[in-house]
file final.pdb (PDB, C-alpha atoms)
ATOM      1  CA  MET Y   1     -45.080 -98.700  15.086  1.00  0.00           C
ATOM      2  CA  ALA Y   2     -45.106-100.220  18.568  1.00  0.00           C
ATOM      3  CA  PHE Y   3     -47.087-103.411  19.119  1.00  0.00           C
ATOM      4  CA  SER Y   4     -50.429-102.845  20.863  1.00  0.00           C
ATOM      5  CA  LEU Y   5     -52.362-105.909  22.017  1.00  0.00           C
ATOM      6  CA  LYS Y   6     -55.552-103.851  22.344  1.00  0.00           C
ATOM      7  CA  ASP Y   7     -55.303-102.665  18.745  1.00  0.00           C
ATOM      8  CA  GLU Y   8     -54.553-106.153  17.468  1.00  0.00           C
ATOM      9  CA  LEU Y   9     -57.479-107.736  19.318  1.00  0.00           C
ATOM     10  CA  GLU Y  10     -59.813-105.013  18.070  1.00  0.00           C
ATOM     11  CA  SER Y  11     -58.607-105.668  14.536  1.00  0.00           C
ATOM     12  CA  VAL Y  12     -59.224-109.402  14.911  1.00  0.00           C
ATOM     13  CA  ALA Y  13     -62.778-109.009  16.222  1.00  0.00           C
ATOM     14  CA  LYS Y  14     -64.114-105.832  14.625  1.00  0.00           C
ATOM     15  CA  ASP Y  15     -65.429-107.394  11.408  1.00  0.00           C
ATOM     16  CA  ILE Y  16     -67.182-110.362  13.022  1.00  0.00           C
ATOM     17  CA  LYS Y  17     -70.813-110.312  11.970  1.00  0.00           C
ATOM     18  CA  TRP Y  18     -73.916-112.319  12.728  1.00  0.00           C
ATOM     19  CA  ASN Y  19     -74.599-113.934   9.368  1.00  0.00           C
ATOM     20  CA  PHE Y  20     -76.066-117.274  10.402  1.00  0.00           C
ATOM     21  CA  LYS Y  21     -79.227-118.576   8.755  1.00  0.00           C
ATOM     22  CA  GLY Y  22     -79.600-121.642  10.954  1.00  0.00           C
ATOM     23  CA  ILE Y  23     -78.227-125.081  11.732  1.00  0.00           C
ATOM     24  CA  LEU Y  24     -77.783-127.447   8.806  1.00  0.00           C
ATOM     25  CA  ASP Y  25     -78.340-131.154   9.419  1.00  0.00           C
ATOM     26  CA  THR Y  26     -76.874-134.065   7.435  1.00  0.00           C
ATOM     27  CA  GLU Y  27     -80.019-134.332   5.312  1.00  0.00           C
ATOM     28  CA  GLY Y  28     -79.676-130.767   4.094  1.00  0.00           C
ATOM     29  CA  ARG Y  29     -82.460-129.352   6.246  1.00  0.00           C
ATOM     30  CA  LEU Y  30     -81.948-125.897   7.755  1.00  0.00           C
ATOM     31  CA  HIS Y  31     -83.226-125.363  11.307  1.00  0.00           C
ATOM     32  CA  GLU Y  32     -83.552-122.041  13.138  1.00  0.00           C
ATOM     33  CA  ILE Y  33     -80.983-121.497  15.887  1.00  0.00           C
ATOM     34  CA  PRO Y  34     -82.746-121.746  19.281  1.00  0.00           C
ATOM     35  CA  LYS Y  35     -83.248-118.429  21.038  1.00  0.00           C
ATOM     36  CA  ASN Y  36     -81.774-119.879  24.248  1.00  0.00           C
ATOM     37  CA  LEU Y  37     -78.498-120.960  22.642  1.00  0.00           C
ATOM     38  CA  ASN Y  38     -75.258-120.024  24.418  1.00  0.00           C
ATOM     39  CA  PHE Y  39     -74.291-117.265  21.978  1.00  0.00           C
ATOM     40  CA  GLN Y  40     -71.176-116.475  23.971  1.00  0.00           C
ATOM     41  CA  ALA Y  41     -69.738-119.877  23.067  1.00  0.00           C
ATOM     42  CA  LEU Y  42     -70.393-119.185  19.390  1.00  0.00           C
ATOM     43  CA  PHE Y  43     -68.653-115.819  19.503  1.00  0.00           C
ATOM     44  CA  GLU Y  44     -65.754-117.455  21.366  1.00  0.00           C
ATOM     45  CA  LYS Y  45     -65.335-119.824  18.444  1.00  0.00           C
ATOM     46  CA  LEU Y  46     -65.464-117.028  15.870  1.00  0.00           C
ATOM     47  CA  VAL Y  47     -62.749-115.103  17.717  1.00  0.00           C
ATOM     48  CA  SER Y  48     -60.596-118.206  18.215  1.00  0.00           C
ATOM     49  CA  GLU Y  49     -60.693-118.950  14.484  1.00  0.00           C
ATOM     50  CA  ARG Y  50     -59.354-115.483  13.741  1.00  0.00           C
ATOM     51  CA  LEU Y  51     -56.637-115.354  16.374  1.00  0.00           C
ATOM     52  CA  GLY Y  52     -54.332-117.212  13.997  1.00  0.00           C
ATOM     53  CA  ILE Y  53     -53.697-113.766  12.516  1.00  0.00           C
ATOM     54  CA  LEU Y  54     -51.676-112.950  15.635  1.00  0.00           C
ATOM     55  CA  THR Y  55     -49.526-116.009  15.010  1.00  0.00           C
ATOM     56  CA  LYS Y  56     -48.832-115.014  11.397  1.00  0.00           C
ATOM     57  CA  LYS Y  57     -48.207-111.326  12.084  1.00  0.00           C
ATOM     58  CA  HIS Y  58     -46.550-111.404  15.489  1.00  0.00           C
ATOM     59  CA  LYS Y  59     -45.531-115.050  16.124  1.00  0.00           C
ATOM     60  CA  ILE Y  60     -47.868-115.214  19.125  1.00  0.00           C
ATOM     61  CA  THR Y  61     -48.878-118.692  20.285  1.00  0.00           C
ATOM     62  CA  VAL Y  62     -52.645-119.065  20.662  1.00  0.00           C
ATOM     63  CA  ILE Y  63     -53.930-121.832  22.960  1.00  0.00           C
ATOM     64  CA  GLU Y  64     -57.668-122.518  23.156  1.00  0.00           C
ATOM     65  CA  ASN Y  65     -59.145-123.780  26.395  1.00  0.00           C
ATOM     66  CA  ARG Y  66     -60.757-127.197  25.894  1.00  0.00           C
ATOM     67  CA  SER Y  67     -62.448-127.034  29.284  1.00  0.00           C
ATOM     68  CA  ILE Y  68     -65.679-125.001  29.217  1.00  0.00           C
ATOM     69  CA  ARG Y  69     -65.635-124.550  32.998  1.00  0.00           C
ATOM     70  CA  SER Y  70     -62.109-123.213  33.326  1.00  0.00           C
ATOM     71  CA  TYR Y  71     -60.610-119.717  33.044  1.00  0.00           C
ATOM     72  CA  PRO Y  72     -59.618-118.201  30.612  1.00  0.00           C
ATOM     73  CA  ASP Y  73     -61.052-118.925  27.150  1.00  0.00           C
ATOM     74  CA  VAL Y  74     -57.710-118.418  25.405  1.00  0.00           C
ATOM     75  CA  VAL Y  75     -54.050-118.067  26.405  1.00  0.00           C
ATOM     76  CA  LEU Y  76     -51.676-115.896  24.355  1.00  0.00           C
ATOM     77  CA  THR Y  77     -47.913-116.105  24.751  1.00  0.00           C
ATOM     78  CA  GLY Y  78     -44.595-115.651  22.949  1.00  0.00           C
ATOM     79  CA  GLY Y  79     -43.679-113.592  19.896  1.00  0.00           C
ATOM     80  CA  GLU Y  80     -44.297-109.865  20.283  1.00  0.00           C
ATOM     81  CA  LEU Y  81     -45.597-110.522  23.799  1.00  0.00           C
ATOM     82  CA  GLY Y  82     -42.118-111.506  24.956  1.00  0.00           C
ATOM     83  CA  LYS Y  83     -42.308-113.245  28.318  1.00  0.00           C
ATOM     84  CA  LYS Y  84     -45.879-112.176  28.957  1.00  0.00           C
ATOM     85  CA  VAL Y  85     -48.663-114.746  29.289  1.00  0.00           C
ATOM     86  CA  ILE Y  86     -52.039-113.202  28.493  1.00  0.00           C
ATOM     87  CA  ALA Y  87     -55.439-114.453  29.684  1.00  0.00           C
ATOM     88  CA  LEU Y  88     -58.174-113.667  27.161  1.00  0.00           C
ATOM     89  CA  ASP Y  89     -61.932-114.045  27.709  1.00  0.00           C
ATOM     90  CA  ILE Y  90     -64.748-113.467  25.220  1.00  0.00           C
ATOM     91  CA  LYS Y  91     -68.007-112.033  26.572  1.00  0.00           C
ATOM     92  CA  THR Y  92     -71.408-111.122  25.116  1.00  0.00           C
ATOM     93  CA  GLY Y  93     -74.118-108.756  26.291  1.00  0.00           C
ATOM     94  CA  ARG Y  94     -77.471-107.579  24.949  1.00  0.00           C
ATOM     95  CA  ARG Y  95     -77.772-103.825  24.500  1.00  0.00           C
ATOM     96  CA  LYS Y  96     -80.582-102.072  26.399  1.00  0.00           C
ATOM     97  CA  ASN Y  97     -80.521 -98.415  25.411  1.00  0.00           C
ATOM     98  CA  ASP Y  98     -77.012 -97.325  26.440  1.00  0.00           C
ATOM     99  CA  ARG Y  99     -76.356-100.202  28.830  1.00  0.00           C
ATOM    100  CA  THR Y 100     -75.388-103.850  28.952  1.00  0.00           C
ATOM    101  CA  ALA Y 101     -73.803-106.243  31.456  1.00  0.00           C
ATOM    102  CA  PHE Y 102     -71.868-109.487  31.702  1.00  0.00           C
ATOM    103  CA  THR Y 103     -69.861-111.443  34.224  1.00  0.00           C
ATOM    104  CA  LEU Y 104     -66.078-111.345  34.432  1.00  0.00           C
ATOM    105  CA  GLY Y 105     -65.218-114.630  36.107  1.00  0.00           C
ATOM    106  CA  SER Y 106     -65.216-115.918  39.656  1.00  0.00           C
ATOM    107  CA  TYR Y 107     -63.901-113.927  42.608  1.00  0.00           C
ATOM    108  CA  LYS Y 108     -63.779-116.934  44.921  1.00  0.00           C
ATOM    109  CA  LYS Y 109     -61.682-119.643  43.278  1.00  0.00           C
ATOM    110  CA  TYR Y 110     -58.507-118.824  41.333  1.00  0.00           C
ATOM    111  CA  LEU Y 111     -58.557-115.118  42.190  1.00  0.00           C
ATOM    112  CA  ARG Y 112     -58.114-115.948  45.892  1.00  0.00           C
ATOM    113  CA  ASN Y 113     -55.652-118.766  45.222  1.00  0.00           C
ATOM    114  CA  PRO Y 114     -53.263-117.147  42.738  1.00  0.00           C
ATOM    115  CA  ALA Y 115     -50.462-119.687  43.331  1.00  0.00           C
ATOM    116  CA  LYS Y 116     -52.593-122.808  42.801  1.00  0.00           C
ATOM    117  CA  PRO Y 117     -52.946-124.396  39.329  1.00  0.00           C
ATOM    118  CA  LEU Y 118     -56.685-123.757  38.997  1.00  0.00           C
ATOM    119  CA  CYS Y 119     -56.789-122.029  35.607  1.00  0.00           C
ATOM    120  CA  PHE Y 120     -57.009-123.497  32.114  1.00  0.00           C
ATOM    121  CA  GLY Y 121     -57.770-127.017  33.258  1.00  0.00           C
ATOM    122  CA  GLY Y 122     -55.104-126.853  35.979  1.00  0.00           C
ATOM    123  CA  LYS Y 123     -52.292-125.922  33.582  1.00  0.00           C
ATOM    124  CA  TYR Y 124     -51.879-122.359  34.856  1.00  0.00           C
ATOM    125  CA  CYS Y 125     -52.019-120.449  38.123  1.00  0.00           C
ATOM    126  CA  TYR Y 126     -53.715-117.072  38.196  1.00  0.00           C
ATOM    127  CA  GLN Y 127     -50.391-115.448  39.018  1.00  0.00           C
ATOM    128  CA  ASP Y 128     -48.883-116.848  35.805  1.00  0.00           C
ATOM    129  CA  PHE Y 129     -50.864-114.340  33.756  1.00  0.00           C
ATOM    130  CA  SER Y 130     -49.257-110.980  33.108  1.00  0.00           C
ATOM    131  CA  GLU Y 131     -52.504-109.372  31.963  1.00  0.00           C
ATOM    132  CA  HIS Y 132     -56.194-110.237  31.735  1.00  0.00           C
ATOM    133  CA  TRP Y 133     -58.069-109.031  28.648  1.00  0.00           C
ATOM    134  CA  VAL Y 134     -61.715-109.201  27.596  1.00  0.00           C
ATOM    135  CA  VAL Y 135     -63.217-109.017  24.097  1.00  0.00           C
ATOM    136  CA  CYS Y 136     -66.840-107.914  24.528  1.00  0.00           C
ATOM    137  CA  PHE Y 137     -69.541-108.305  21.879  1.00  0.00           C
ATOM    138  CA  ILE Y 138     -72.535-106.040  22.506  1.00  0.00           C
ATOM    139  CA  TYR Y 139     -75.581-106.444  20.296  1.00  0.00           C
ATOM    140  CA  ASP Y 140     -79.239-105.629  19.754  1.00  0.00           C
ATOM    141  CA  TRP Y 141     -81.609-108.534  20.343  1.00  0.00           C
ATOM    142  CA  ASN Y 142     -84.930-109.224  18.637  1.00  0.00           C
ATOM    143  CA  SER Y 143     -86.649-112.312  20.003  1.00  0.00           C
ATOM    144  CA  ASP Y 144     -89.361-112.111  17.335  1.00  0.00           C
ATOM    145  CA  ALA Y 145     -86.954-112.199  14.392  1.00  0.00           C
ATOM    146  CA  ASP Y 146     -85.671-115.193  12.465  1.00  0.00           C
ATOM    147  CA  THR Y 147     -82.166-116.578  13.019  1.00  0.00           C
ATOM    148  CA  LEU Y 148     -80.470-114.204  10.581  1.00  0.00           C
ATOM    149  CA  ASN Y 149     -82.008-111.082  12.104  1.00  0.00           C
ATOM    150  CA  MET Y 150     -82.323-111.834  15.813  1.00  0.00           C
ATOM    151  CA  ILE Y 151     -78.828-110.387  16.485  1.00  0.00           C
ATOM    152  CA  SER Y 152     -77.774-107.056  14.939  1.00  0.00           C
ATOM    153  CA  ASN Y 153     -75.787-103.855  15.487  1.00  0.00           C
ATOM    154  CA  ILE Y 154     -72.752-105.628  16.957  1.00  0.00           C
ATOM    155  CA  GLU Y 155     -70.137-103.496  18.728  1.00  0.00           C
ATOM    156  CA  VAL Y 156     -66.783-104.841  19.887  1.00  0.00           C
ATOM    157  CA  ILE Y 157     -65.064-103.441  22.976  1.00  0.00           C
ATOM    158  CA  VAL Y 158     -61.621-104.638  24.047  1.00  0.00           C
ATOM    159  CA  GLN Y 159     -60.357-103.774  27.524  1.00  0.00           C
ATOM    160  CA  GLU Y 160     -58.309-105.182  30.370  1.00  0.00           C
ATOM    161  CA  LYS Y 161     -60.694-106.931  32.739  1.00  0.00           C
ATOM    162  CA  TRP Y 162     -60.150-104.710  35.765  1.00  0.00           C
ATOM    163  CA  LYS Y 163     -60.931-101.600  33.706  1.00  0.00           C
ATOM    164  CA  ILE Y 164     -64.558-102.629  33.137  1.00  0.00           C
ATOM    165  CA  ALA Y 165     -65.162-104.363  36.474  1.00  0.00           C
ATOM    166  CA  SER Y 166     -67.758-103.143  38.955  1.00  0.00           C
ATOM    167  CA  LYS Y 167     -68.000-103.583  42.715  1.00  0.00           C
ATOM    168  CA  THR Y 168     -71.107-105.753  42.464  1.00  0.00           C
ATOM    169  CA  THR Y 169     -71.638-109.404  41.629  1.00  0.00           C
ATOM    170  CA  GLY Y 170     -72.866-110.358  38.206  1.00  0.00           C
ATOM    171  CA  THR Y 171     -75.708-112.784  38.834  1.00  0.00           C
ATOM    172  CA  GLY Y 172     -77.885-113.890  41.745  1.00  0.00           C
ATOM    173  CA  THR Y 173     -75.952-115.657  44.473  1.00  0.00           C
ATOM    174  CA  THR Y 174     -73.084-116.874  42.289  1.00  0.00           C
ATOM    175  CA  THR Y 175     -69.485-115.816  42.879  1.00  0.00           C
ATOM    176  CA  ALA Y 176     -69.157-113.956  39.597  1.00  0.00           C
ATOM    177  CA  ILE Y 177     -67.668-110.484  39.269  1.00  0.00           C
ATOM    178  CA  GLY Y 178     -70.043-108.111  37.509  1.00  0.00           C
ATOM    179  CA  SER Y 179     -69.090-105.618  34.835  1.00  0.00           C
ATOM    180  CA  ILE Y 180     -70.050-101.973  34.838  1.00  0.00           C
ATOM    181  CA  ASN Y 181     -73.164-101.417  32.723  1.00  0.00           C
ATOM    182  CA  LYS Y 182     -72.768 -98.096  30.880  1.00  0.00           C
ATOM    183  CA  ILE Y 183     -71.457 -98.859  27.397  1.00  0.00           C
ATOM    184  CA  GLU Y 184     -69.697 -95.516  27.058  1.00  0.00           C
ATOM    185  CA  ASP Y 185     -67.775 -96.183  30.283  1.00  0.00           C
ATOM    186  CA  MET Y 186     -66.775 -99.581  28.892  1.00  0.00           C
ATOM    187  CA  ARG Y 187     -65.448 -97.957  25.733  1.00  0.00           C
ATOM    188  CA  ARG Y 188     -63.301 -95.645  27.841  1.00  0.00           C
ATOM    189  CA  GLY Y 189     -62.225 -98.344  30.276  1.00  0.00           C
ATOM    190  CA  GLU Y 190     -63.650 -96.345  33.183  1.00  0.00           C
ATOM    191  CA  GLY Y 191     -64.832 -98.969  35.646  1.00  0.00           C
ATOM    192  CA  ASP Y 192     -65.163 -98.831  39.419  1.00  0.00           C
ATOM    193  CA  PHE Y 193     -61.434 -99.264  40.091  1.00  0.00           C
ATOM    194  CA  LYS Y 194     -58.515 -96.908  39.560  1.00  0.00           C
ATOM    195  CA  THR Y 195     -55.865 -99.653  39.456  1.00  0.00           C
ATOM    196  CA  GLU Y 196     -55.643-103.399  39.011  1.00  0.00           C
ATOM    197  CA  ASP Y 197     -54.286-103.740  42.563  1.00  0.00           C
ATOM    198  CA  GLU Y 198     -57.394-102.005  43.919  1.00  0.00           C
ATOM    199  CA  PHE Y 199     -59.538-104.430  41.901  1.00  0.00           C
ATOM    200  CA  LEU Y 200     -57.704-107.468  43.281  1.00  0.00           C
ATOM    201  CA  ILE Y 201     -57.773-106.279  46.901  1.00  0.00           C
ATOM    202  CA  TYR Y 202     -61.505-105.567  46.724  1.00  0.00           C
ATOM    203  CA  TRP Y 203     -62.575-108.843  45.138  1.00  0.00           C
ATOM    204  CA  ARG Y 204     -60.268-111.055  47.176  1.00  0.00           C
ATOM    205  CA  ALA Y 205     -61.883-109.661  50.317  1.00  0.00           C
ATOM    206  CA  PHE Y 206     -65.444-109.643  48.993  1.00  0.00           C
ATOM    207  CA  SER Y 207     -67.994-112.012  50.510  1.00  0.00           C
ATOM    208  CA  ARG Y 208     -71.733-112.484  50.488  1.00  0.00           C
ATOM    209  CA  ARG Y 209     -74.229-114.852  52.051  1.00  0.00           C
ATOM    210  CA  ASN Y 210     -75.146-118.096  50.303  1.00  0.00           C
ATOM    211  CA  GLU Y 211     -72.119-118.057  48.018  1.00  0.00           C
ATOM    212  CA  LYS Y 212     -72.142-120.837  45.429  1.00  0.00           C
TER     213      LYS Y 212
END
call {"tool": "encode", "arguments": {"input": "final.pdb", "output": "structure tokens"}}
result
Amino acid sequence: MAFSLKDELESVAKDIKWNFKGILDTEGRLHEIPKNLNFQALFEKLVSERLGILTKKHKITVIENRSIRSYPDVVLTGGELGKKVIALDIKTGRRKNDRTAFTLGSYKKYLRNPAKPLCFGGKYCYQDFSEHWVVCFIYDWNSDADTLNMISNIEVIVQEKWKIASKTTGTGTTTAIGSINKIEDMRRGEGDFKTEDEFLIYWRAFSRRNEK
């Protein structure tokens, strides 16, 4: 059976559950996880811990990004990927009926300077990446629940970034690309662009007032 990165990433992430009771301190006391915690960072860690499966099964080298401000979260290369270098990001979004949303990285920095070493702490150029993938965790949120129950009904969607990108920014005045918001369209990979080239041309030319 032919190697499929999408299938392998789905297999890695599909069984990840929210089963945290709190934060344990050195004196054995259990504290509730704050509601304003960066849950995306936690899911990034859970995925990273499991990506070793790709190394064992397919001899793929997995490199975690130690810089929290640099794209992407993880680099995959070698083994079944051949000469490809894959950029992998992990994203989270709260479900609201049949919709959610998250940002897909900056359109101003590395995207417009593909030959400059601006990615992964300056170790990669945007043009070094053969493909750009996103593992999305979509969940129900209950702000009134305790730590164990505040996140539930987790769904994992794996797509190439351009396939779930929209033509609008993600947040306020920042230079972040926004995702589409219909979950069913995300599952199908039916974003606002027909090709990756169309996505790149659009976002490299995009501008707005008060960009930050």
call {"tool": "resolve_selection", "arguments": {"input": "final.pdb", "expression": "the PyMOL selection byres ((chain Y and resi 10) around 10)", "output": "list in words"}}
result
Leu5, Lys6, Asp7, Glu8, Leu9, Ser11, Val12, Ala13, Lys14, Asp15, Val135, Cys136, Val156, Ile157, Val158 and Gln159 of chain Y
call {"tool": "closest_residue", "arguments": {"input": "final.pdb", "among": "Y:Ile177, Y:Leu148, Y:Val85, Y:Val74", "to": "Glu49 in chain Y", "atoms": "only C-alpha atoms"}}
result
Y:Val74
call {"tool": "closest_residue", "arguments": {"input": "final.pdb", "among": "Y:Ile33, Y:Asn65, Y:Gly178, Y:Asp128", "to": "Ala145 in chain Y", "atoms": "all atoms listed in the file"}}
result
Y:Ile33
call {"tool": "resolve_selection", "arguments": {"input": "final.pdb", "expression": "the PyMOL selection byres ((chain Y and resi 103) around 6)", "output": "list of chain:residue names"}}
result
Y:Phe102, Y:Leu104, Y:Gly105, Y:Gly170, Y:Ala176, Y:Ile177, Y:Gly178, Y:Ser179
call {"tool": "write_last_selection", "arguments": {"input": "final.pdb", "atoms": "C-alpha atoms", "output": "mmCIF file, keeping the file's coordinate frame"}}
result
data_model
loop_
_atom_site.group_PDB
_atom_site.id
_atom_site.type_symbol
_atom_site.label_atom_id
_atom_site.label_comp_id
_atom_site.auth_asym_id
_atom_site.auth_seq_id
_atom_site.Cartn_x
_atom_site.Cartn_y
_atom_site.Cartn_z
ATOM 1 C CA PHE Y 102 -71.868 -109.487 31.702
ATOM 2 C CA LEU Y 104 -66.078 -111.345 34.432
ATOM 3 C CA GLY Y 105 -65.218 -114.630 36.107
ATOM 4 C CA GLY Y 170 -72.866 -110.358 38.206
ATOM 5 C CA ALA Y 176 -69.157 -113.956 39.597
ATOM 6 C CA ILE Y 177 -67.668 -110.484 39.269
ATOM 7 C CA GLY Y 178 -70.043 -108.111 37.509
ATOM 8 C CA SER Y 179 -69.090 -105.618 34.835
#
call {"tool": "closest_residue", "arguments": {"input": "final.pdb", "among": "Y:Cys125, Y:Ala87, Y:Ile16, Y:Ala115", "to": "Glu160 in chain Y", "atoms": "all atoms listed in the file"}}
result
Y:Ala87
call {"tool": "resolve_selection", "arguments": {"input": "final.pdb", "expression": "the PyMOL selection byres ((chain Y and resi 147) around 10)", "output": "VMD selection string"}}
result
chain Y and resid 18 to 23 31 to 35 142 to 146 148 to 151
call {"tool": "write_last_selection", "arguments": {"input": "final.pdb", "atoms": "C-alpha atoms", "output": "PDB file, in the coordinates of the input"}}
result
ATOM      1  CA  TRP Y  18     -73.916-112.319  12.728  1.00  0.00           C
ATOM      2  CA  ASN Y  19     -74.599-113.934   9.368  1.00  0.00           C
ATOM      3  CA  PHE Y  20     -76.066-117.274  10.402  1.00  0.00           C
ATOM      4  CA  LYS Y  21     -79.227-118.576   8.755  1.00  0.00           C
ATOM      5  CA  GLY Y  22     -79.600-121.642  10.954  1.00  0.00           C
ATOM      6  CA  ILE Y  23     -78.227-125.081  11.732  1.00  0.00           C
ATOM      7  CA  HIS Y  31     -83.226-125.363  11.307  1.00  0.00           C
ATOM      8  CA  GLU Y  32     -83.552-122.041  13.138  1.00  0.00           C
ATOM      9  CA  ILE Y  33     -80.983-121.497  15.887  1.00  0.00           C
ATOM     10  CA  PRO Y  34     -82.746-121.746  19.281  1.00  0.00           C
ATOM     11  CA  LYS Y  35     -83.248-118.429  21.038  1.00  0.00           C
ATOM     12  CA  ASN Y 142     -84.930-109.224  18.637  1.00  0.00           C
ATOM     13  CA  SER Y 143     -86.649-112.312  20.003  1.00  0.00           C
ATOM     14  CA  ASP Y 144     -89.361-112.111  17.335  1.00  0.00           C
ATOM     15  CA  ALA Y 145     -86.954-112.199  14.392  1.00  0.00           C
ATOM     16  CA  ASP Y 146     -85.671-115.193  12.465  1.00  0.00           C
ATOM     17  CA  LEU Y 148     -80.470-114.204  10.581  1.00  0.00           C
ATOM     18  CA  ASN Y 149     -82.008-111.082  12.104  1.00  0.00           C
ATOM     19  CA  MET Y 150     -82.323-111.834  15.813  1.00  0.00           C
ATOM     20  CA  ILE Y 151     -78.828-110.387  16.485  1.00  0.00           C
TER      21      ILE Y 151
END
call {"tool": "closest_residue", "arguments": {"input": "final.pdb", "among": "Y:Lys194, Y:Arg50, Y:Lys182, Y:Arg188", "to": "Arg99 in chain Y", "atoms": "all atoms listed in the file"}}
result
Y:Lys182
call {"tool": "residues_around", "arguments": {"input": "final.pdb", "residues": "Lys84 in chain Y", "least_positions_apart": "5", "cutoff": "9 Å", "atoms": "all atoms listed in the file", "output": "PyMOL selection string"}}
result
chain Y and resi 76-78+128-131
call {"tool": "write_last_selection", "arguments": {"input": "final.pdb", "atoms": "C-alpha atoms", "output": "PDB file, in the coordinates of the input"}}
result
ATOM      1  CA  LEU Y  76     -51.676-115.896  24.355  1.00  0.00           C
ATOM      2  CA  THR Y  77     -47.913-116.105  24.751  1.00  0.00           C
ATOM      3  CA  GLY Y  78     -44.595-115.651  22.949  1.00  0.00           C
ATOM      4  CA  ASP Y 128     -48.883-116.848  35.805  1.00  0.00           C
ATOM      5  CA  PHE Y 129     -50.864-114.340  33.756  1.00  0.00           C
ATOM      6  CA  SER Y 130     -49.257-110.980  33.108  1.00  0.00           C
ATOM      7  CA  GLU Y 131     -52.504-109.372  31.963  1.00  0.00           C
TER       8      GLU Y 131
END
call {"tool": "residues_around", "arguments": {"input": "final.pdb", "residues": "Thr100 in chain Y", "least_positions_apart": "4", "cutoff": "10 Å", "atoms": "only C-alpha atoms", "output": "ChimeraX atom specification"}}
result
/Y:92-96,138-139,179-183,186
call {"tool": "closest_residue", "arguments": {"input": "final.pdb", "among": "Y:Thr174, Y:Thr195, Y:Ser4, Y:Thr168", "to": "Lys108 in chain Y", "atoms": "all atoms listed in the file"}}
result
Y:Thr174
call {"tool": "decode", "arguments": {"input": "final.pdb", "residues": "range 82-94 of chain Y", "atoms": "N, CA and C atoms", "output": "mmCIF file, in the first residue's frame"}}
result
data_model
loop_
_atom_site.group_PDB
_atom_site.id
_atom_site.type_symbol
_atom_site.label_atom_id
_atom_site.label_comp_id
_atom_site.auth_asym_id
_atom_site.auth_seq_id
_atom_site.Cartn_x
_atom_site.Cartn_y
_atom_site.Cartn_z
ATOM 1 N N GLY Y 82 11.277 10.688 1.086
ATOM 2 C CA GLY Y 82 12.288 10.918 0.066
ATOM 3 C C GLY Y 82 13.000 12.238 0.276
ATOM 4 N N LYS Y 83 13.026 13.063 -0.746
ATOM 5 C CA LYS Y 83 13.703 14.357 -0.664
ATOM 6 C C LYS Y 83 12.790 15.480 -0.169
ATOM 7 N N LYS Y 84 11.567 15.149 0.120
ATOM 8 C CA LYS Y 84 10.625 16.169 0.579
ATOM 9 C C LYS Y 84 10.968 16.652 1.991
ATOM 10 N N VAL Y 85 10.728 17.934 2.227
ATOM 11 C CA VAL Y 85 10.805 18.508 3.573
ATOM 12 C C VAL Y 85 9.422 19.072 3.872
ATOM 13 N N ILE Y 86 8.789 18.556 4.917
ATOM 14 C CA ILE Y 86 7.400 18.884 5.210
ATOM 15 C C ILE Y 86 7.307 19.825 6.406
ATOM 16 N N ALA Y 87 6.545 20.908 6.254
ATOM 17 C CA ALA Y 87 6.232 21.806 7.364
ATOM 18 C C ALA Y 87 4.910 21.353 7.976
ATOM 19 N N LEU Y 88 4.900 21.165 9.294
ATOM 20 C CA LEU Y 88 3.708 20.687 9.978
ATOM 21 C C LEU Y 88 3.349 21.626 11.128
ATOM 22 N N ASP Y 89 2.114 22.114 11.127
ATOM 23 C CA ASP Y 89 1.605 22.961 12.209
ATOM 24 C C ASP Y 89 0.448 22.263 12.905
ATOM 25 N N ILE Y 90 0.305 22.503 14.202
ATOM 26 C CA ILE Y 90 -0.813 21.971 14.973
ATOM 27 C C ILE Y 90 -1.684 23.150 15.392
ATOM 28 N N LYS Y 91 -2.992 23.043 15.139
ATOM 29 C CA LYS Y 91 -3.922 24.124 15.428
ATOM 30 C C LYS Y 91 -5.094 23.613 16.256
ATOM 31 N N THR Y 92 -5.717 24.511 17.020
ATOM 32 C CA THR Y 92 -6.903 24.158 17.799
ATOM 33 C C THR Y 92 -7.998 25.181 17.570
ATOM 34 N N GLY Y 93 -9.244 24.723 17.642
ATOM 35 C CA GLY Y 93 -10.379 25.623 17.483
ATOM 36 C C GLY Y 93 -11.586 25.118 18.243
ATOM 37 N N ARG Y 94 -12.312 26.018 18.891
ATOM 38 C CA ARG Y 94 -13.524 25.648 19.612
ATOM 39 C C ARG Y 94 -14.690 25.533 18.638
#
